[in-house]
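Undergrad: Could you have a look at this structure, given as structure tokens, before my questions?
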Amino acid sequence: MSIAHINGIDIFYLTDGDPHKPAIIFSNSLGTDHSMWDGQLEALRREFYLIRYDTRGHGLTNAPKGPYSIEQLGKDVISLLDYLSIDKAFFCGISMGGLIGQWLAIHAPKRIEALVVANTASKIGNEQAWNERAALVRKEGLHGVAESAPSRWFTPEFYGSNRSGVNELLINLKNMNPEGYASCCEALANEDLRGEVSKINVPVLIISGDKDPVTTLEDARVMQSEIQGSQITSLAASHISNIEAESEFNVAIKQFFTKQVKQEMETSHESN
């Protein structure tokens, strides 16, 4: 088991591939853990060094009493990169992980080579709804949230034909630490980057699910209009697009990250 003791907590992480290759760090969505990225490993592990971790409050990472902030979750990523002696990495985050990625690109751009943000927005949901969910989870636990998750995460067609895989995600959600989940809800309630994402100047790929009821295609288009030079890809999926449209997601991020590596090599060659 790989544990990094940083920022006063133990953060669980896994690595795959050659540490001498360009690094990609993956950031999970609310209510999931590092295992949500299992479907990306085979497509990327030969060309990249892959780092998956459990966000504070999730999985095998500690869940100290909150509330948390997106800034705090972003600084956990920076500290994990420091722990692994990685100066600069590619970043891929979904939903809450995508908001963390935006914060990093704004506030720590020297640590981010390029950014994939999937099924996310610069402001996710509204403050009142997140705070109400946090209070409910602290009071009643995560069973009710887990029961309603499939309709937010996946299309009915995907859930109907992939029940065993989806149910594994739901079991993980039900077994999550309620305080960690609630504290991340409060981080989402309080973060609004809509006035700041225009500052992002690293390469950005925005991935949207065309059937996503949580962070819509329109949210993705607004982000693209505000982030100069950003690209957008829409997949036939709901909110957890890296699982529902695994192959298409993998093609999109592999092409994007590979292009950035080639451009970096060409720039380095020209400068020499």
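So you can find residues: chains in the structure tokens are A, B, ... in the order shown, residues in each start at 1, and ligands are numbered from 1 in order.
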Fewer than 6 positions away in the same chain doesn't count, so skip those; otherwise give me all residues within 10 Å of Gln72 in chain A, counting only C-alpha atoms, as number ranges by chain.
TA: A: 7, 56, 78, 100, 187
Undergrad: Would you save the residues from that selection as a PDB file, in the first residue's frame, using N, CA and C atoms?
TA:
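Written output follows (result.pdb):
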```
ATOM      1  N   ASN A   7       0.597  17.175   4.465  1.00  0.00           N
ATOM      2  CA  ASN A   7      -0.423  18.136   4.906  1.00  0.00           C
ATOM      3  C   ASN A   7      -1.241  17.614   6.085  1.00  0.00           C
ATOM      4  N   ARG A  56      -8.699  13.692  -0.553  1.00  0.00           N
ATOM      5  CA  ARG A  56      -8.986  13.861   0.876  1.00  0.00           C
ATOM      6  C   ARG A  56     -10.470  13.565   1.156  1.00  0.00           C
ATOM      7  N   ILE A  78      -0.367  19.198  -5.124  1.00  0.00           N
ATOM      8  CA  ILE A  78       0.988  19.752  -5.206  1.00  0.00           C
ATOM      9  C   ILE A  78       1.920  19.032  -4.246  1.00  0.00           C
ATOM     10  N   ILE A 100     -10.661  20.863  -9.184  1.00  0.00           N
ATOM     11  CA  ILE A 100      -9.317  20.895  -8.594  1.00  0.00           C
ATOM     12  C   ILE A 100      -8.280  21.222  -9.668  1.00  0.00           C
ATOM     13  N   ALA A 187     -16.759  22.013   0.085  1.00  0.00           N
ATOM     14  CA  ALA A 187     -15.749  22.603  -0.806  1.00  0.00           C
ATOM     15  C   ALA A 187     -16.394  23.008  -2.128  1.00  0.00           C
TER      16      ALA A 187
END
```
Undergrad: Considering only C-alpha atoms, tabulate each residue of range 36-144 of chain A that lies at most 10 Å from range 258-262 of chain A along with its nearest interatomic pair and the corresponding distance in Å to one decimal; arrange the rows by chain and ascending residue number and present them as JSON lines.
TA:
```
{"residue": "A:Leu44", "atom": "CA", "partner": "A:Thr258", "partner_atom": "CA", "distance": 9.9}
{"residue": "A:Glu47", "atom": "CA", "partner": "A:Thr258", "partner_atom": "CA", "distance": 8.4}
{"residue": "A:Phe48", "atom": "CA", "partner": "A:Thr258", "partner_atom": "CA", "distance": 9.2}
{"residue": "A:Phe90", "atom": "CA", "partner": "A:Gln260", "partner_atom": "CA", "distance": 9.3}
{"residue": "A:Glu113", "atom": "CA", "partner": "A:Gln260", "partner_atom": "CA", "distance": 8.0}
{"residue": "A:Ala114", "atom": "CA", "partner": "A:Gln260", "partner_atom": "CA", "distance": 7.3}
```
Undergrad: How would the residues just chosen look if you wrote them out with N, CA and C atoms as a compact mmCIF listing (two decimals), in the first residue's frame?
TA:
```txt
# COMPACT_ATOMS: atom_id res chain seq x y z
N LEU A 44 -2.74 3.92 -21.48
CA LEU A 44 -1.77 4.99 -21.25
C LEU A 44 -0.47 4.56 -20.58
N GLU A 47 3.14 4.74 -22.41
CA GLU A 47 3.72 6.03 -22.80
C GLU A 47 3.84 7.02 -21.65
N PHE A 48 3.14 6.75 -20.54
CA PHE A 48 3.10 7.72 -19.44
C PHE A 48 3.29 7.02 -18.10
N PHE A 90 1.09 16.19 -16.22
CA PHE A 90 -0.21 16.33 -16.84
C PHE A 90 -1.26 16.02 -15.78
N GLU A 113 1.63 20.59 -16.86
CA GLU A 113 2.01 20.61 -18.27
C GLU A 113 0.80 20.91 -19.15
N ALA A 114 -0.27 20.21 -18.91
CA ALA A 114 -1.51 20.37 -19.66
C ALA A 114 -2.63 19.76 -18.82
```
Undergrad: Point out the residue among A:Lys21, A:Gly144, A:Ala134, A:Arg45 with the least atom-to-atom distance to Ile86 in chain A, counting only C-alpha atoms.
TA: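 Closest residue, counting only C-alpha atoms: A:Lys21.
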Undergrad: Near Gly125 in chain A, within 10 Å and counting only C-alpha atoms, which residues show up once chain neighbours fewer than 3 positions away are dropped, as a list of chain:residue names?
TA: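 Those residues are A:Ala121, A:Ser122, A:Gln128, A:Ala129, A:Trp130, A:Leu188, A:Ala189, A:Asp192, A:Val214, A:Thr215.
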Undergrad: Using the selection just defined, write its residues with N, CA and C atoms as a PDB file, in the first residue's frame.
TA:
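The resulting file, result-v9.pdb, is reproduced below:
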```
ATOM      1  N   ALA A 121     -17.352  22.022 -14.311  1.00  0.00           N
ATOM      2  CA  ALA A 121     -17.675  23.413 -14.597  1.00  0.00           C
ATOM      3  C   ALA A 121     -16.831  24.266 -13.661  1.00  0.00           C
ATOM      4  N   SER A 122     -16.812  25.556 -13.927  1.00  0.00           N
ATOM      5  CA  SER A 122     -16.072  26.454 -13.041  1.00  0.00           C
ATOM      6  C   SER A 122     -16.852  26.763 -11.774  1.00  0.00           C
ATOM      7  N   GLN A 128     -26.482  26.332  -1.734  1.00  0.00           N
ATOM      8  CA  GLN A 128     -27.511  25.815  -0.826  1.00  0.00           C
ATOM      9  C   GLN A 128     -27.686  24.309  -0.964  1.00  0.00           C
ATOM     10  N   ALA A 129     -27.737  23.816  -2.207  1.00  0.00           N
ATOM     11  CA  ALA A 129     -27.946  22.385  -2.429  1.00  0.00           C
ATOM     12  C   ALA A 129     -26.790  21.558  -1.875  1.00  0.00           C
ATOM     13  N   TRP A 130     -25.561  22.026  -2.075  1.00  0.00           N
ATOM     14  CA  TRP A 130     -24.405  21.298  -1.552  1.00  0.00           C
ATOM     15  C   TRP A 130     -24.402  21.280  -0.026  1.00  0.00           C
ATOM     16  N   LEU A 188     -17.269  22.150  -2.655  1.00  0.00           N
ATOM     17  CA  LEU A 188     -17.956  22.459  -3.905  1.00  0.00           C
ATOM     18  C   LEU A 188     -18.939  23.618  -3.727  1.00  0.00           C
ATOM     19  N   ALA A 189     -19.554  23.681  -2.557  1.00  0.00           N
ATOM     20  CA  ALA A 189     -20.497  24.775  -2.288  1.00  0.00           C
ATOM     21  C   ALA A 189     -19.813  26.128  -2.351  1.00  0.00           C
ATOM     22  N   ASP A 192     -16.036  28.984  -6.592  1.00  0.00           N
ATOM     23  CA  ASP A 192     -16.557  29.564  -7.826  1.00  0.00           C
ATOM     24  C   ASP A 192     -15.383  30.172  -8.585  1.00  0.00           C
ATOM     25  N   VAL A 214     -25.620  16.899 -14.712  1.00  0.00           N
ATOM     26  CA  VAL A 214     -24.967  17.589 -13.593  1.00  0.00           C
ATOM     27  C   VAL A 214     -24.130  18.762 -14.099  1.00  0.00           C
ATOM     28  N   THR A 215     -23.188  18.457 -14.970  1.00  0.00           N
ATOM     29  CA  THR A 215     -22.373  19.495 -15.621  1.00  0.00           C
ATOM     30  C   THR A 215     -22.608  19.329 -17.117  1.00  0.00           C
TER      31      THR A 215
END
```
Undergrad: Could you tell me how far CA of Asn167 in chain A lies from CA of Gly74 in chain A, in Å and to one decimal?
TA: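 It comes out at 29.1 Å.
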Undergrad: Please measure the separation of CA of Val117 in chain A and CA of Cys92 in chain A, giving the value in Å to one decimal.
TA: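 A separation of 6.0 Å between them.
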Undergrad: Go through range 8-151 of chain A and collect every residue that DSSP, computed from the backbone, puts in helix (DSSP H, G or I); the answer should be as a PyMOL selection string.
TA: chain A and resi 34-44+70-83+96-107+109-111+127-140+143-151
Undergrad: Using C-alpha atoms, can you export the residues from the last selection as a PDB file, in the first residue's frame?
TA:
```pdb
ATOM      1  CA  HIS A  34      -8.776   6.048  -7.537  1.00  0.00           C
ATOM      2  CA  SER A  35     -10.326   2.852  -8.947  1.00  0.00           C
ATOM      3  CA  MET A  36     -12.640   4.886 -11.192  1.00  0.00           C
ATOM      4  CA  TRP A  37      -9.607   5.321 -13.470  1.00  0.00           C
ATOM      5  CA  ASP A  38      -8.929   1.585 -13.919  1.00  0.00           C
ATOM      6  CA  GLY A  39     -10.180   1.742 -17.499  1.00  0.00           C
ATOM      7  CA  GLN A  40      -7.533   4.293 -18.461  1.00  0.00           C
ATOM      8  CA  LEU A  41      -4.501   2.266 -17.350  1.00  0.00           C
ATOM      9  CA  GLU A  42      -3.998  -0.057 -20.282  1.00  0.00           C
ATOM     10  CA  ALA A  43      -4.396   2.731 -22.843  1.00  0.00           C
ATOM     11  CA  LEU A  44      -1.767   4.992 -21.255  1.00  0.00           C
ATOM     12  CA  ILE A  70     -10.846  23.291  -3.351  1.00  0.00           C
ATOM     13  CA  GLU A  71      -7.657  25.204  -2.533  1.00  0.00           C
ATOM     14  CA  GLN A  72      -6.870  22.636   0.161  1.00  0.00           C
ATOM     15  CA  LEU A  73      -7.565  19.739  -2.217  1.00  0.00           C
ATOM     16  CA  GLY A  74      -5.377  21.396  -4.862  1.00  0.00           C
ATOM     17  CA  LYS A  75      -2.531  21.827  -2.397  1.00  0.00           C
ATOM     18  CA  ASP A  76      -2.803  18.116  -1.580  1.00  0.00           C
ATOM     19  CA  VAL A  77      -2.024  17.421  -5.251  1.00  0.00           C
ATOM     20  CA  ILE A  78       0.988  19.752  -5.206  1.00  0.00           C
ATOM     21  CA  SER A  79       2.283  18.091  -2.048  1.00  0.00           C
ATOM     22  CA  LEU A  80       1.823  14.634  -3.562  1.00  0.00           C
ATOM     23  CA  LEU A  81       3.820  15.685  -6.625  1.00  0.00           C
ATOM     24  CA  ASP A  82       6.521  17.012  -4.285  1.00  0.00           C
ATOM     25  CA  TYR A  83       6.484  13.727  -2.366  1.00  0.00           C
ATOM     26  CA  MET A  96     -14.807  17.652  -8.517  1.00  0.00           C
ATOM     27  CA  GLY A  97     -11.403  16.534  -9.808  1.00  0.00           C
ATOM     28  CA  GLY A  98     -11.884  18.834 -12.784  1.00  0.00           C
ATOM     29  CA  LEU A  99     -12.522  21.770 -10.465  1.00  0.00           C
ATOM     30  CA  ILE A 100      -9.317  20.895  -8.594  1.00  0.00           C
ATOM     31  CA  GLY A 101      -7.503  20.888 -11.934  1.00  0.00           C
ATOM     32  CA  GLN A 102      -8.812  24.340 -12.799  1.00  0.00           C
ATOM     33  CA  TRP A 103      -7.618  25.657  -9.437  1.00  0.00           C
ATOM     34  CA  LEU A 104      -4.164  24.176 -10.054  1.00  0.00           C
ATOM     35  CA  ALA A 105      -3.900  25.662 -13.538  1.00  0.00           C
ATOM     36  CA  ILE A 106      -4.789  29.084 -12.119  1.00  0.00           C
ATOM     37  CA  HIS A 107      -2.705  29.030  -8.957  1.00  0.00           C
ATOM     38  CA  PRO A 109       0.587  26.673 -13.502  1.00  0.00           C
ATOM     39  CA  LYS A 110       4.285  25.833 -13.274  1.00  0.00           C
ATOM     40  CA  ARG A 111       3.324  22.392 -11.950  1.00  0.00           C
ATOM     41  CA  GLU A 127     -24.210  26.557  -2.539  1.00  0.00           C
ATOM     42  CA  GLN A 128     -27.511  25.815  -0.826  1.00  0.00           C
ATOM     43  CA  ALA A 129     -27.946  22.385  -2.429  1.00  0.00           C
ATOM     44  CA  TRP A 130     -24.405  21.298  -1.552  1.00  0.00           C
ATOM     45  CA  ASN A 131     -24.720  22.467   2.045  1.00  0.00           C
ATOM     46  CA  GLU A 132     -28.070  20.706   2.396  1.00  0.00           C
ATOM     47  CA  ARG A 133     -26.529  17.494   1.065  1.00  0.00           C
ATOM     48  CA  ALA A 134     -23.601  17.815   3.467  1.00  0.00           C
ATOM     49  CA  ALA A 135     -25.980  18.210   6.421  1.00  0.00           C
ATOM     50  CA  LEU A 136     -28.100  15.258   5.272  1.00  0.00           C
ATOM     51  CA  VAL A 137     -25.078  12.966   4.861  1.00  0.00           C
ATOM     52  CA  ARG A 138     -23.738  13.883   8.303  1.00  0.00           C
ATOM     53  CA  LYS A 139     -27.151  13.062   9.764  1.00  0.00           C
ATOM     54  CA  GLU A 140     -28.197   9.978   7.789  1.00  0.00           C
ATOM     55  CA  HIS A 143     -27.149   5.173   1.684  1.00  0.00           C
ATOM     56  CA  GLY A 144     -29.698   7.607   0.231  1.00  0.00           C
ATOM     57  CA  VAL A 145     -27.090   9.421  -1.860  1.00  0.00           C
ATOM     58  CA  ALA A 146     -25.858   6.099  -3.226  1.00  0.00           C
ATOM     59  CA  GLU A 147     -29.377   4.981  -4.156  1.00  0.00           C
ATOM     60  CA  SER A 148     -29.877   8.064  -6.338  1.00  0.00           C
ATOM     61  CA  ALA A 149     -26.347   8.126  -7.793  1.00  0.00           C
ATOM     62  CA  PRO A 150     -26.926   5.958 -10.908  1.00  0.00           C
ATOM     63  CA  SER A 151     -29.366   8.485 -12.381  1.00  0.00           C
TER      64      SER A 151
END
```
Undergrad: Choose the residue, out of A:Thr15, A:Thr32, A:Gln263, A:Ser69, that has the smallest atom-to-atom separation from Leu170 in chain A; count only C-alpha atoms.
TA: A:Thr32
Undergrad: Just the number, please: distance in Å from CA of Ala220 in chain A to CA of Asn172 in chain A, one decimal.
TA: 28.1 Å
Undergrad: Taking into account only C-alpha atoms, which residue in the set A:Ser95, A:Gly209, A:Met223, A:Val197 is nearest to Glu248 in chain A?
TA: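 Nearest candidate to Glu248 in chain A out of A:Ser95, A:Gly209, A:Met223, A:Val197: A:Gly209.
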Undergrad: Just asking: which residues within range 136-259 of chain A are strand (DSSP E or B) according to DSSP, as a PDB file with N, CA and C atoms, in the first residue's frame?
TA:
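This went into part-v3.pdb:
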```pdb
ATOM      1  N   VAL A 204      -5.540  23.072 -22.511  1.00  0.00           N
ATOM      2  CA  VAL A 204      -6.698  22.498 -21.824  1.00  0.00           C
ATOM      3  C   VAL A 204      -7.595  21.756 -22.813  1.00  0.00           C
ATOM      4  N   LEU A 205      -7.962  20.524 -22.435  1.00  0.00           N
ATOM      5  CA  LEU A 205      -8.996  19.772 -23.127  1.00  0.00           C
ATOM      6  C   LEU A 205     -10.181  19.634 -22.182  1.00  0.00           C
ATOM      7  N   ILE A 206     -11.352  20.063 -22.646  1.00  0.00           N
ATOM      8  CA  ILE A 206     -12.579  19.958 -21.875  1.00  0.00           C
ATOM      9  C   ILE A 206     -13.401  18.823 -22.467  1.00  0.00           C
ATOM     10  N   ILE A 207     -13.740  17.838 -21.634  1.00  0.00           N
ATOM     11  CA  ILE A 207     -14.556  16.709 -22.079  1.00  0.00           C
ATOM     12  C   ILE A 207     -15.930  16.813 -21.435  1.00  0.00           C
ATOM     13  N   SER A 208     -16.961  16.684 -22.264  1.00  0.00           N
ATOM     14  CA  SER A 208     -18.336  16.761 -21.778  1.00  0.00           C
ATOM     15  C   SER A 208     -19.089  15.504 -22.161  1.00  0.00           C
ATOM     16  N   GLY A 209     -20.069  15.151 -21.341  1.00  0.00           N
ATOM     17  CA  GLY A 209     -21.007  14.099 -21.701  1.00  0.00           C
ATOM     18  C   GLY A 209     -22.279  14.734 -22.240  1.00  0.00           C
ATOM     19  N   GLN A 231      -9.709  23.282 -25.979  1.00  0.00           N
ATOM     20  CA  GLN A 231     -10.435  22.420 -26.903  1.00  0.00           C
ATOM     21  C   GLN A 231     -11.580  21.750 -26.164  1.00  0.00           C
ATOM     22  N   ILE A 232     -12.589  21.329 -26.916  1.00  0.00           N
ATOM     23  CA  ILE A 232     -13.726  20.650 -26.298  1.00  0.00           C
ATOM     24  C   ILE A 232     -14.061  19.391 -27.079  1.00  0.00           C
ATOM     25  N   THR A 233     -14.374  18.318 -26.358  1.00  0.00           N
ATOM     26  CA  THR A 233     -14.815  17.063 -26.950  1.00  0.00           C
ATOM     27  C   THR A 233     -16.071  16.610 -26.226  1.00  0.00           C
ATOM     28  N   SER A 234     -17.108  16.290 -26.978  1.00  0.00           N
ATOM     29  CA  SER A 234     -18.352  15.797 -26.397  1.00  0.00           C
ATOM     30  C   SER A 234     -18.478  14.303 -26.653  1.00  0.00           C
ATOM     31  N   LEU A 235     -18.758  13.555 -25.597  1.00  0.00           N
ATOM     32  CA  LEU A 235     -18.892  12.108 -25.702  1.00  0.00           C
ATOM     33  C   LEU A 235     -20.343  11.697 -25.443  1.00  0.00           C
TER      34      LEU A 235
END
```
Undergrad: Do you know which residues are at most 9 Å from Ala245 in chain A counting only C-alpha atoms, after dropping those on the same chain fewer than 5 positions away, and could you put them as a list in words?
TA: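 Non-adjacent residues within range: Gly209, Leu235, Ala236, Ala237, Ser238, Ile240 and Asn250 of chain A.
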